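Peer 1: So that you have it, the file is query-v4.cif, and it contains mmCIF, C-alpha atoms:
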data_coords
#
loop_
_atom_site.label_atom_id
_atom_site.label_comp_id
_atom_site.auth_asym_id
_atom_site.auth_seq_id
_atom_site.Cartn_x
_atom_site.Cartn_y
_atom_site.Cartn_z
CA MET A 1 17.40 3.47 10.53
CA THR A 2 15.85 6.44 12.33
CA GLU A 3 18.29 8.76 10.53
CA SER A 4 17.49 7.39 7.08
CA ARG A 5 16.29 10.00 4.60
CA PHE A 6 13.05 8.04 4.08
CA LEU A 7 12.11 8.08 7.77
CA LYS A 8 13.24 11.67 8.20
CA ALA A 9 11.01 12.71 5.28
CA CYS A 10 8.11 10.81 6.87
CA ARG A 11 8.64 12.88 10.01
CA GLY A 12 8.88 16.14 8.07
CA GLU A 13 12.59 16.60 8.83
CA ALA A 14 15.21 18.03 6.47
CA VAL A 15 16.89 15.55 4.11
CA ASP A 16 19.94 15.80 1.83
CA ARG A 17 17.84 14.67 -1.16
CA THR A 18 14.34 13.40 -1.88
CA PRO A 19 14.03 9.71 -0.95
CA ILE A 20 12.54 7.35 -3.53
CA TRP A 21 10.87 3.95 -3.54
CA MET A 22 8.19 2.52 -5.82
CA MET A 23 4.99 0.65 -5.17
CA ARG A 24 5.31 -2.91 -6.52
CA GLN A 25 9.04 -2.37 -6.84
CA ALA A 26 9.36 -6.11 -6.19
CA GLY A 27 7.58 -7.40 -9.27
CA ARG A 28 7.41 -8.76 -12.77
CA TYR A 29 9.36 -5.94 -14.46
CA LEU A 30 12.48 -7.49 -12.85
CA PRO A 31 13.99 -10.49 -14.66
CA GLU A 32 15.32 -11.89 -11.37
CA TYR A 33 11.79 -11.74 -9.93
CA ARG A 34 10.36 -13.61 -12.89
CA GLU A 35 13.01 -16.28 -12.37
CA LEU A 36 12.22 -16.48 -8.66
CA ARG A 37 8.51 -16.92 -9.35
CA LYS A 38 8.93 -19.75 -11.87
CA GLY A 39 6.78 -22.70 -10.79
CA ARG A 40 5.36 -20.78 -7.81
CA THR A 41 1.95 -19.21 -7.40
CA MET A 42 1.69 -15.78 -5.86
CA LEU A 43 0.30 -17.20 -2.62
CA GLU A 44 3.10 -19.75 -2.44
CA ALA A 45 5.67 -17.00 -2.92
CA VAL A 46 4.29 -14.65 -0.27
CA SER A 47 3.76 -17.54 2.16
CA THR A 48 7.37 -18.75 1.99
CA PRO A 49 9.53 -16.40 4.07
CA ASP A 50 12.83 -17.04 2.25
CA ILE A 51 11.19 -16.42 -1.13
CA ALA A 52 9.28 -13.35 0.03
CA ALA A 53 12.43 -11.92 1.60
CA GLU A 54 14.43 -12.49 -1.59
CA ALA A 55 11.74 -10.78 -3.69
CA THR A 56 11.81 -7.81 -1.30
CA LEU A 57 15.59 -7.51 -1.54
CA GLN A 58 15.91 -7.76 -5.34
CA PRO A 59 14.97 -4.15 -6.24
CA ILE A 60 17.12 -2.82 -3.39
CA ARG A 61 20.16 -4.63 -4.77
CA ARG A 62 19.51 -3.45 -8.32
CA PHE A 63 18.43 0.17 -7.80
CA GLY A 64 19.37 1.08 -4.22
CA PHE A 65 15.94 2.48 -3.33
CA ASP A 66 15.71 4.39 -0.07
CA ALA A 67 13.17 1.96 1.40
CA ALA A 68 12.08 -1.63 0.85
CA ILE A 69 8.42 -2.62 0.64
CA LEU A 70 7.53 -6.01 2.06
CA PHE A 71 6.71 -8.53 -0.67
CA SER A 72 3.22 -9.70 0.20
CA ASP A 73 -0.38 -9.10 -0.82
CA LEU A 74 -2.94 -6.88 0.85
CA THR A 75 -5.51 -9.70 0.91
CA VAL A 76 -3.50 -12.30 2.89
CA PRO A 77 -5.56 -11.63 6.07
CA PHE A 78 -8.60 -13.20 4.37
CA THR A 79 -7.65 -16.80 5.09
CA PRO A 80 -7.01 -16.52 8.85
CA MET A 81 -10.19 -14.48 9.27
CA GLY A 82 -12.22 -17.25 7.64
CA ALA A 83 -12.57 -16.18 4.00
CA PRO A 84 -10.53 -18.59 1.84
CA PHE A 85 -9.30 -17.09 -1.41
CA ASP A 86 -6.81 -17.48 -4.21
CA ILE A 87 -4.76 -15.03 -6.25
CA LYS A 88 -5.34 -15.93 -9.89
CA GLU A 89 -2.81 -14.85 -12.49
CA GLY A 90 -4.17 -12.10 -14.67
CA VAL A 91 -7.23 -11.68 -12.43
CA GLY A 92 -6.20 -10.96 -8.85
CA PRO A 93 -7.68 -12.07 -5.52
CA VAL A 94 -10.78 -14.27 -5.87
CA VAL A 95 -12.81 -15.09 -2.74
CA GLU A 96 -14.36 -18.59 -2.58
CA HIS A 97 -17.54 -17.49 -0.80
CA PRO A 98 -18.36 -13.75 -1.06
CA ILE A 99 -19.49 -12.05 2.15
CA ARG A 100 -22.93 -10.49 1.61
CA THR A 101 -25.24 -11.50 4.47
CA ALA A 102 -25.33 -11.44 8.25
CA ALA A 103 -24.68 -15.18 8.24
CA ASP A 104 -21.62 -14.70 6.05
CA LEU A 105 -20.34 -12.02 8.41
CA ALA A 106 -20.90 -14.24 11.46
CA ALA A 107 -18.59 -16.84 9.95
CA LEU A 108 -15.66 -14.38 9.94
CA ARG A 109 -13.41 -13.94 12.96
CA LEU A 110 -10.71 -11.87 14.58
CA PHE A 111 -7.30 -13.50 14.42
CA GLU A 112 -3.90 -13.21 16.05
CA PRO A 113 -1.27 -12.36 13.39
CA GLU A 114 1.48 -14.48 14.92
CA CYS A 115 -0.70 -17.54 14.45
CA GLY A 116 -2.62 -16.63 11.31
CA LEU A 117 0.10 -14.81 9.38
CA GLY A 118 3.28 -15.93 11.07
CA PHE A 119 5.00 -16.37 7.70
CA VAL A 120 4.72 -12.63 7.04
CA LEU A 121 6.23 -11.77 10.40
CA GLU A 122 9.05 -14.25 9.84
CA THR A 123 9.74 -12.61 6.47
CA ILE A 124 10.07 -9.26 8.25
CA ARG A 125 12.51 -10.73 10.78
CA ILE A 126 14.65 -12.18 7.99
CA LEU A 127 14.67 -8.85 6.15
CA LYS A 128 15.67 -6.88 9.23
CA ARG A 129 18.83 -8.97 9.40
CA GLU A 130 19.64 -8.20 5.76
CA LEU A 131 18.42 -4.69 4.96
CA LYS A 132 20.40 -1.49 5.35
CA VAL A 133 17.41 0.67 4.40
CA PRO A 134 14.04 0.96 6.18
CA LEU A 135 11.41 -1.73 5.64
CA ILE A 136 7.79 -0.76 4.94
CA GLY A 137 5.07 -3.20 5.98
CA PHE A 138 1.55 -2.91 4.63
CA THR A 139 -1.94 -4.25 4.25
CA GLY A 140 -5.23 -3.24 2.66
CA ALA A 141 -7.60 -0.74 4.26
CA PRO A 142 -11.05 -1.94 5.38
CA PHE A 143 -13.00 -0.54 2.43
CA THR A 144 -10.70 -2.11 -0.14
CA LEU A 145 -10.70 -5.44 1.70
CA ALA A 146 -14.49 -5.31 2.01
CA SER A 147 -14.78 -4.67 -1.73
CA TYR A 148 -12.92 -7.88 -2.51
CA LEU A 149 -14.93 -9.83 0.06
CA ILE A 150 -18.31 -8.57 -1.16
CA GLU A 151 -17.67 -8.51 -4.91
CA GLY A 152 -15.84 -11.84 -4.74
CA GLY A 153 -12.84 -10.42 -6.59
CA PRO A 154 -11.71 -7.34 -8.52
CA SER A 155 -14.49 -5.03 -9.69
CA LYS A 156 -14.68 -2.09 -12.08
CA ASP A 157 -17.49 -0.29 -10.29
CA HIS A 158 -17.82 -1.90 -6.81
CA LYS A 159 -21.59 -1.53 -7.14
CA LEU A 160 -22.44 -4.39 -4.76
CA THR A 161 -20.21 -2.89 -2.10
CA ARG A 162 -21.53 0.61 -2.58
CA SER A 163 -25.16 -0.52 -2.44
CA LEU A 164 -24.74 -2.84 0.57
CA MET A 165 -23.00 -0.17 2.63
CA LEU A 166 -26.06 2.08 2.26
CA THR A 167 -28.90 -0.45 2.44
CA GLU A 168 -27.48 -2.73 5.15
CA PRO A 169 -25.77 -0.38 7.62
CA LYS A 170 -25.69 -2.91 10.48
CA PHE A 171 -23.99 -5.48 8.27
CA TRP A 172 -21.63 -2.87 6.86
CA HIS A 173 -20.46 -1.44 10.16
CA GLY A 174 -20.09 -4.92 11.59
CA LEU A 175 -17.85 -5.89 8.69
CA MET A 176 -15.91 -2.62 8.94
CA ALA A 177 -15.35 -3.05 12.68
CA LEU A 178 -14.03 -6.58 12.17
CA LEU A 179 -11.75 -5.57 9.30
CA ALA A 180 -10.49 -2.49 11.14
CA GLU A 181 -9.54 -4.48 14.23
CA ASN A 182 -7.84 -7.20 12.18
CA THR A 183 -6.00 -4.53 10.20
CA LEU A 184 -4.83 -2.81 13.38
CA ARG A 185 -3.61 -6.09 14.88
CA TYR A 186 -1.82 -7.07 11.69
CA LEU A 187 -0.02 -3.75 11.20
CA ARG A 188 0.89 -3.64 14.88
CA ALA A 189 2.38 -7.12 14.59
CA GLN A 190 4.39 -6.07 11.52
CA ILE A 191 5.83 -3.13 13.44
CA GLU A 192 6.62 -5.31 16.45
CA ALA A 193 8.38 -7.77 14.12
CA GLY A 194 10.61 -4.95 12.86
CA ALA A 195 8.85 -2.92 10.15
CA ASP A 196 10.18 0.65 10.25
CA ALA A 197 6.99 2.10 8.74
CA VAL A 198 3.70 0.78 7.42
CA GLN A 199 1.42 1.75 4.55
CA LEU A 200 -2.33 1.34 4.48
CA PHE A 201 -3.50 0.78 0.90
CA ASP A 202 -7.05 1.92 0.13
CA SER A 203 -6.87 1.07 -3.54
CA TRP A 204 -10.59 1.34 -4.32
CA VAL A 205 -11.79 4.05 -1.93
CA GLY A 206 -11.80 6.64 -4.71
CA VAL A 207 -15.22 5.36 -5.85
CA LEU A 208 -16.78 7.06 -2.80
CA ASP A 209 -17.81 10.64 -2.15
CA GLU A 210 -16.73 12.52 0.97
CA ALA A 211 -20.10 12.30 2.76
CA THR A 212 -20.24 8.52 2.35
CA TYR A 213 -16.63 8.20 3.55
CA ARG A 214 -17.50 10.16 6.69
CA GLU A 215 -20.61 8.11 7.40
CA CYS A 216 -19.36 4.64 6.50
CA LEU A 217 -15.56 4.63 6.90
CA LEU A 218 -14.20 7.43 9.05
CA PRO A 219 -14.75 5.94 12.55
CA HIS A 220 -13.21 2.62 11.50
CA MET A 221 -10.20 4.25 9.86
CA ARG A 222 -9.60 6.34 12.97
CA HIS A 223 -9.62 3.16 15.05
CA ILE A 224 -6.65 1.87 13.04
CA PHE A 225 -4.57 5.05 13.02
CA GLU A 226 -5.19 5.86 16.67
CA GLY A 227 -4.27 2.31 17.62
CA LEU A 228 -0.97 2.52 15.73
CA LYS A 229 0.03 5.95 17.05
CA PRO A 230 1.54 4.74 20.35
CA LEU A 231 4.01 2.54 18.45
CA GLY A 232 5.73 5.64 17.08
CA ARG A 233 6.38 4.36 13.55
CA PRO A 234 5.36 6.38 10.48
CA VAL A 235 2.09 5.35 8.87
CA ILE A 236 1.46 6.17 5.20
CA HIS A 237 -2.19 6.56 4.16
CA PHE A 238 -2.61 5.93 0.44
CA GLY A 239 -5.55 5.64 -1.94
CA THR A 240 -6.15 6.04 -5.65
CA SER A 241 -8.53 8.52 -7.32
CA THR A 242 -8.79 10.30 -3.97
CA SER A 243 -8.45 13.95 -4.98
CA ALA A 244 -11.92 14.65 -3.54
CA LEU A 245 -11.17 12.68 -0.36
CA LEU A 246 -7.76 13.98 0.72
CA SER A 247 -9.14 16.21 3.45
CA VAL A 248 -11.27 13.53 5.09
CA MET A 249 -8.46 10.99 4.68
CA GLN A 250 -6.20 13.32 6.64
CA GLU A 251 -8.88 13.52 9.33
CA ALA A 252 -8.86 9.73 9.50
CA GLY A 253 -5.16 9.74 10.30
CA GLY A 254 -1.68 8.91 9.12
CA ASP A 255 1.71 10.63 9.21
CA VAL A 256 2.18 10.72 5.43
CA LEU A 257 -0.52 11.20 2.81
CA GLY A 258 -0.04 9.22 -0.40
CA VAL A 259 -1.19 11.01 -3.56
CA ASP A 260 -1.81 9.47 -6.97
CA TRP A 261 -1.04 11.21 -10.30
CA ARG A 262 -4.52 12.64 -10.87
CA ILE A 263 -3.70 15.72 -8.82
CA SER A 264 -0.41 17.58 -8.45
CA LEU A 265 1.36 17.71 -5.10
CA THR A 266 0.95 21.47 -5.20
CA ASP A 267 -2.82 21.27 -5.60
CA ALA A 268 -3.11 18.43 -3.08
CA ALA A 269 -1.33 20.57 -0.50
CA THR A 270 -4.03 23.24 -0.79
CA LEU A 271 -6.69 20.72 0.28
CA VAL A 272 -5.14 19.58 3.56
CA ARG A 273 -3.25 20.89 6.56
CA PRO A 274 0.56 20.76 6.12
CA ILE A 275 1.63 17.11 6.07
CA PRO A 276 4.42 15.07 4.45
CA MET A 277 3.26 13.58 1.16
CA GLN A 278 4.27 10.63 -0.97
CA GLY A 279 3.99 10.45 -4.74
CA ASN A 280 3.12 10.93 -7.44
CA LEU A 281 4.47 10.04 -10.90
CA ASP A 282 2.02 8.42 -13.32
CA PRO A 283 3.36 4.85 -13.79
CA ALA A 284 2.72 5.22 -17.53
CA VAL A 285 5.48 7.82 -17.68
CA LEU A 286 7.92 4.94 -17.12
CA LEU A 287 6.80 3.56 -20.49
CA THR A 288 8.01 6.68 -22.32
CA THR A 289 11.60 7.90 -22.70
CA PRO A 290 14.39 8.87 -20.26
CA GLU A 291 13.96 12.50 -21.32
CA VAL A 292 10.24 12.57 -20.49
CA ILE A 293 10.85 10.66 -17.28
CA SER A 294 13.52 13.11 -16.15
CA GLN A 295 11.35 16.14 -16.95
CA ARG A 296 8.30 14.80 -15.08
CA ALA A 297 10.33 13.53 -12.12
CA LYS A 298 12.14 16.83 -11.63
CA ARG A 299 8.83 18.70 -11.72
CA ILE A 300 7.49 16.52 -8.90
CA VAL A 301 10.67 16.83 -6.83
CA LYS A 302 10.43 20.63 -7.17
CA GLN A 303 6.80 20.58 -6.01
CA GLY A 304 7.74 18.36 -3.10
CA ARG A 305 10.24 20.87 -1.76
CA SER A 306 7.38 23.13 -0.67
CA LEU A 307 5.92 20.36 1.52
CA PRO A 308 6.83 19.57 5.13
CA GLY A 309 8.29 16.32 3.76
CA HIS A 310 8.24 14.47 0.44
CA ILE A 311 8.87 10.85 -0.55
CA PHE A 312 9.06 10.29 -4.29
CA ASN A 313 6.92 7.41 -5.52
CA LEU A 314 4.62 6.44 -8.33
CA GLY A 315 0.92 7.24 -8.14
CA HIS A 316 0.27 3.48 -8.17
CA GLY A 317 2.23 0.27 -8.80
CA ILE A 318 4.85 -0.05 -11.52
CA TYR A 319 3.67 -1.76 -14.71
CA PRO A 320 5.17 -5.21 -15.43
CA ASP A 321 6.33 -4.12 -18.92
CA THR A 322 8.35 -1.18 -17.62
CA PRO A 323 11.89 -1.17 -19.11
CA LEU A 324 14.68 -1.46 -16.54
CA ALA A 325 16.55 1.39 -18.20
CA ASN A 326 13.60 3.68 -17.55
CA VAL A 327 13.58 2.82 -13.84
CA GLU A 328 17.30 3.62 -13.77
CA ALA A 329 16.55 6.93 -15.49
CA LEU A 330 13.92 7.75 -12.88
CA VAL A 331 16.20 7.00 -9.95
CA GLU A 332 18.98 9.08 -11.52
CA ALA A 333 16.63 12.00 -12.18
CA VAL A 334 15.27 12.06 -8.62
CA ARG A 335 18.71 11.77 -7.07
CA GLY A 336 20.10 14.46 -9.34
CA SER A 337 17.31 16.96 -8.68
#
Show me this structure written as structure tokens.
Peer 2:
Amino acid sequence: MTESRFLKACRGEAVDRTPIWMMRQAGRYLPEYRELRKGRTMLEAVSTPDIAAEATLQPIRRFGFDAAILFSDLTVPFTPMGAPFDIKEGVGPVVEHPIRTAADLAALRLFEPECGLGFVLETIRILKRELKVPLIGFTGAPFTLASYLIEGGPSKDHKLTRSLMLTEPKFWHGLMALLAENTLRYLRAQIEAGADAVQLFDSWVGVLDEATYRECLLPHMRHIFEGLKPLGRPVIHFGTSTSALLSVMQEAGGDVLGVDWRISLTDAATLVRPIPMQGNLDPAVLLTTPEVISQRAKRIVKQGRSLPGHIFNLGHGIYPDTPLANVEALVEAVRGS
């Protein structure tokens, strides 16, 4: 696996062509996935190793992506840390009792992944026996996890989170420290179980400005990245709407910087020190035509050649109504560039 084009690109080494994988590549756009999920909730699917492994493998069989992404959800650590939740169809993660006070925080706990999330680690072990491409593990970053815990579910503006972090700094840093340590333990366990790389998703961090990131997040993010460094596996640091945060995100850590579609790779590279990047096709482009897809994909591949390393990806997860033929067109365009 160490000589795979995906891992070589993560390390900034020369590759024969740009590697490609897609966020949410195991998902509802695949008919075989929809069949697999029939009669199963999302939590049931991710908690059953054989099912989660099969979902992970499906897009690899169909499209031959250069890496597999573990089929799971970034919020699964909530239950073992003492915050029961459910993933509701059409809504997303919903926390039973939002965490907003010191008493709420005191009820949360550190957990050992082998006990609390053993099903995820077993899924990884199954996949390592089956896969011939690298496996990417993942979880949510502390800010994004905190947003779900505080808001009680998905939010458009994260106003409760943003106000609490400024008015209750002791509560906030206590929550961040707990989430950062649990995140570190969980990603470390995924690597020890066999993950060839891991990605830290900070889906909602783009609502912050740089000064607030430095004050409220940076020390906790560094704790995670510094703790993972001795394991020697590539770590991808990804967030959405983060054009104004790329520099401080690089300071926080990570071997690869994920970039969404709101900024070009060329412009992103001017904001940070040289680093391999991942991205960054707008997922909506996959709802257009093969001609448009090919044009946009080739533009991104060309931009990526000026970087120390480039992994082609979407700027966020693939939409469920994406035509299969358009995914095939994307893969063909990237591989032919």
Peer 1: For A:Met165, which of A:Leu208, A:Leu135, A:Leu286, A:Leu265 is the closest residue, counting all atoms listed in the file?
Peer 2: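 Once distances to A:Met165 are computed over all atoms listed in the file, the minimum belongs to A:Leu208.
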Peer 1: Excluding stretch 117-125 of chain A and residues on its chain fewer than 4 positions from it, collect all residues at most 8 Å away from it, counting all atoms listed in the file, and give them as a PyMOL selection string.
Peer 2: chain A and resi 46-50+52-53+70+72+76-77+80+112-113+129+189-190+193-195
Peer 1: Once the PyMOL selection byres ((chain A and resi 308) around 8) has been applied to the shown file, what residues remain in the selection, as a list of chain:residue names?
Peer 2: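 When the PyMOL selection byres ((chain A and resi 308) around 8) is applied, the selected residues are A:Gly12, A:Glu13, A:Pro274, A:Ile275, A:Pro276, A:Arg305, A:Ser306, A:Leu307, A:Gly309, A:His310.
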Peer 1: What gap, in Å, lies between atom CA of A:Phe138 and atom CA of A:Val198?
Peer 2: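 Computing the Euclidean distance for atom CA of A:Phe138 and atom CA of A:Val198 yields 5.1 Å.
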Peer 1: Spell out the residues picked by the PyMOL selection byres ((chain A and resi 149-159) around 9) here, as an NGL selection string.
Peer 2: :A and (78 or 83 or 91-100 or 144-148 or 160-164 or 204 or 207)
Peer 1: Carefully work through the PyMOL selection byres ((chain A and resi 335) around 12) for this structure and note down the residues it includes, as a list in words.
Peer 2: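 Taken over the shown coordinates, the PyMOL selection byres ((chain A and resi 335) around 12) returns Val15, Asp16, Arg17, Thr18, Pro19, Ile20, Trp21, Phe63, Gly64, Phe65, Asp66, Ser294, Ala297, Lys298, Val301, Ile311, Phe312, Glu328, Ala329, Leu330, Val331, Glu332, Ala333, Val334, Gly336 and Ser337 of chain A.
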Peer 1: How far is it from atom CA of A:Thr41 to atom CA of A:Gly137, in Å with one decimal?
Peer 2: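 Interatomic distance, atom CA of A:Thr41 to atom CA of A:Gly137: 21.1 Å.
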Peer 1: Go through stretch 129-241 of chain A and flag each residue having an atom no more than 12 Å from stretch 280-285 of chain A; for those, report the closest pair of atoms plus their distance in Å to one decimal, using all atoms listed in the file, ordered by chain and rising number, as a tab-separated table.
Peer 2:
residue	atom	partner	partner_atom	distance
A:Phe238	CA	A:Asn280	CA	11.0
A:Gly239	CA	A:Asn280	CA	11.6
A:Thr240	CA	A:Asn280	CA	10.6
A:Ser241	CA	A:Asn280	CA	11.9
Peer 1: I'd like the interatomic distance between atom CA of A:Val327 and atom CA of A:Ile51, to a tenth of an Å.
Peer 2: 23.2 Å
Peer 1: Would you kindly return, as a ChimeraX atom specification, each protein, DNA or RNA residue with an atom no farther than 10 Å from any atom of A:Cys216, considering only C-alpha atoms and excluding same-chain residues fewer than 5 positions away?
Peer 2: /A:143,165-166,169,172-173,176,208,210-211,221
Peer 1: So, counting all atoms listed in the file, which residue among A:Trp261, A:His223, A:Pro31, A:Glu215 is closest to A:Val248?
Peer 2: A:Glu215
Peer 1: Pick the closest to A:Gly253 from A:Gln295, A:Phe171, A:Leu200, A:Pro290: which is it, counting all atoms listed in the file?
Peer 2: A:Leu200
Peer 1: Leaving out A:Leu7 and any residue of its chain fewer than 4 positions from it, which residues lie within 9 Å of it when counting all atoms listed in the file, given as an MDAnalysis selection string?
Peer 2: chainID A and resid 1:3 11:13 67 134 196:197 233:234
Peer 1: Reconstruct N, CA, C and O atoms of stretch 132-144 of chain A from the incomplete input and present them as a PDB file, in the frame of the given file.
Peer 2:
ATOM      1  N   LYS A 132      19.722  -2.683   4.831  1.00  0.00           N
ATOM      2  CA  LYS A 132      20.400  -1.490   5.350  1.00  0.00           C
ATOM      3  C   LYS A 132      19.569  -0.240   5.063  1.00  0.00           C
ATOM      4  O   LYS A 132      20.057   0.876   5.242  1.00  0.00           O
ATOM      5  N   VAL A 133      18.362  -0.425   4.582  1.00  0.00           N
ATOM      6  CA  VAL A 133      17.410   0.670   4.400  1.00  0.00           C
ATOM      7  C   VAL A 133      16.131   0.294   5.160  1.00  0.00           C
ATOM      8  O   VAL A 133      15.913  -0.873   5.494  1.00  0.00           O
ATOM      9  N   PRO A 134      15.271   1.265   5.442  1.00  0.00           N
ATOM     10  CA  PRO A 134      14.040   0.960   6.180  1.00  0.00           C
ATOM     11  C   PRO A 134      13.130   0.000   5.422  1.00  0.00           C
ATOM     12  O   PRO A 134      13.091  -0.021   4.191  1.00  0.00           O
ATOM     13  N   LEU A 135      12.381  -0.779   6.189  1.00  0.00           N
ATOM     14  CA  LEU A 135      11.410  -1.730   5.640  1.00  0.00           C
ATOM     15  C   LEU A 135      10.002  -1.215   5.897  1.00  0.00           C
ATOM     16  O   LEU A 135       9.646  -0.874   7.028  1.00  0.00           O
ATOM     17  N   ILE A 136       9.192  -1.180   4.837  1.00  0.00           N
ATOM     18  CA  ILE A 136       7.790  -0.760   4.940  1.00  0.00           C
ATOM     19  C   ILE A 136       6.903  -1.995   4.932  1.00  0.00           C
ATOM     20  O   ILE A 136       6.941  -2.795   3.995  1.00  0.00           O
ATOM     21  N   GLY A 137       6.104  -2.174   5.972  1.00  0.00           N
ATOM     22  CA  GLY A 137       5.070  -3.200   5.980  1.00  0.00           C
ATOM     23  C   GLY A 137       3.787  -2.615   5.433  1.00  0.00           C
ATOM     24  O   GLY A 137       3.668  -1.398   5.255  1.00  0.00           O
ATOM     25  N   PHE A 138       2.800  -3.450   5.177  1.00  0.00           N
ATOM     26  CA  PHE A 138       1.550  -2.910   4.630  1.00  0.00           C
ATOM     27  C   PHE A 138       0.426  -3.928   4.716  1.00  0.00           C
ATOM     28  O   PHE A 138       0.630  -5.123   4.946  1.00  0.00           O
ATOM     29  N   THR A 139      -0.772  -3.417   4.502  1.00  0.00           N
ATOM     30  CA  THR A 139      -1.940  -4.250   4.250  1.00  0.00           C
ATOM     31  C   THR A 139      -3.007  -3.378   3.594  1.00  0.00           C
ATOM     32  O   THR A 139      -2.807  -2.178   3.393  1.00  0.00           O
ATOM     33  N   GLY A 140      -4.135  -3.990   3.259  1.00  0.00           N
ATOM     34  CA  GLY A 140      -5.230  -3.240   2.660  1.00  0.00           C
ATOM     35  C   GLY A 140      -6.082  -2.570   3.721  1.00  0.00           C
ATOM     36  O   GLY A 140      -6.204  -3.050   4.853  1.00  0.00           O
ATOM     37  N   ALA A 141      -6.683  -1.436   3.365  1.00  0.00           N
ATOM     38  CA  ALA A 141      -7.600  -0.740   4.260  1.00  0.00           C
ATOM     39  C   ALA A 141      -8.965  -1.438   4.235  1.00  0.00           C
ATOM     40  O   ALA A 141      -9.287  -2.165   3.296  1.00  0.00           O
ATOM     41  N   PRO A 142      -9.776  -1.227   5.280  1.00  0.00           N
ATOM     42  CA  PRO A 142     -11.050  -1.940   5.380  1.00  0.00           C
ATOM     43  C   PRO A 142     -11.964  -1.828   4.171  1.00  0.00           C
ATOM     44  O   PRO A 142     -12.568  -2.828   3.766  1.00  0.00           O
ATOM     45  N   PHE A 143     -12.101  -0.640   3.569  1.00  0.00           N
ATOM     46  CA  PHE A 143     -13.000  -0.540   2.430  1.00  0.00           C
ATOM     47  C   PHE A 143     -12.523  -1.394   1.264  1.00  0.00           C
ATOM     48  O   PHE A 143     -13.310  -2.090   0.617  1.00  0.00           O
ATOM     49  N   THR A 144     -11.237  -1.329   0.973  1.00  0.00           N
ATOM     50  CA  THR A 144     -10.700  -2.110  -0.140  1.00  0.00           C
ATOM     51  C   THR A 144     -10.820  -3.606   0.134  1.00  0.00           C
ATOM     52  O   THR A 144     -11.200  -4.382  -0.758  1.00  0.00           O
TER      53      THR A 144
END
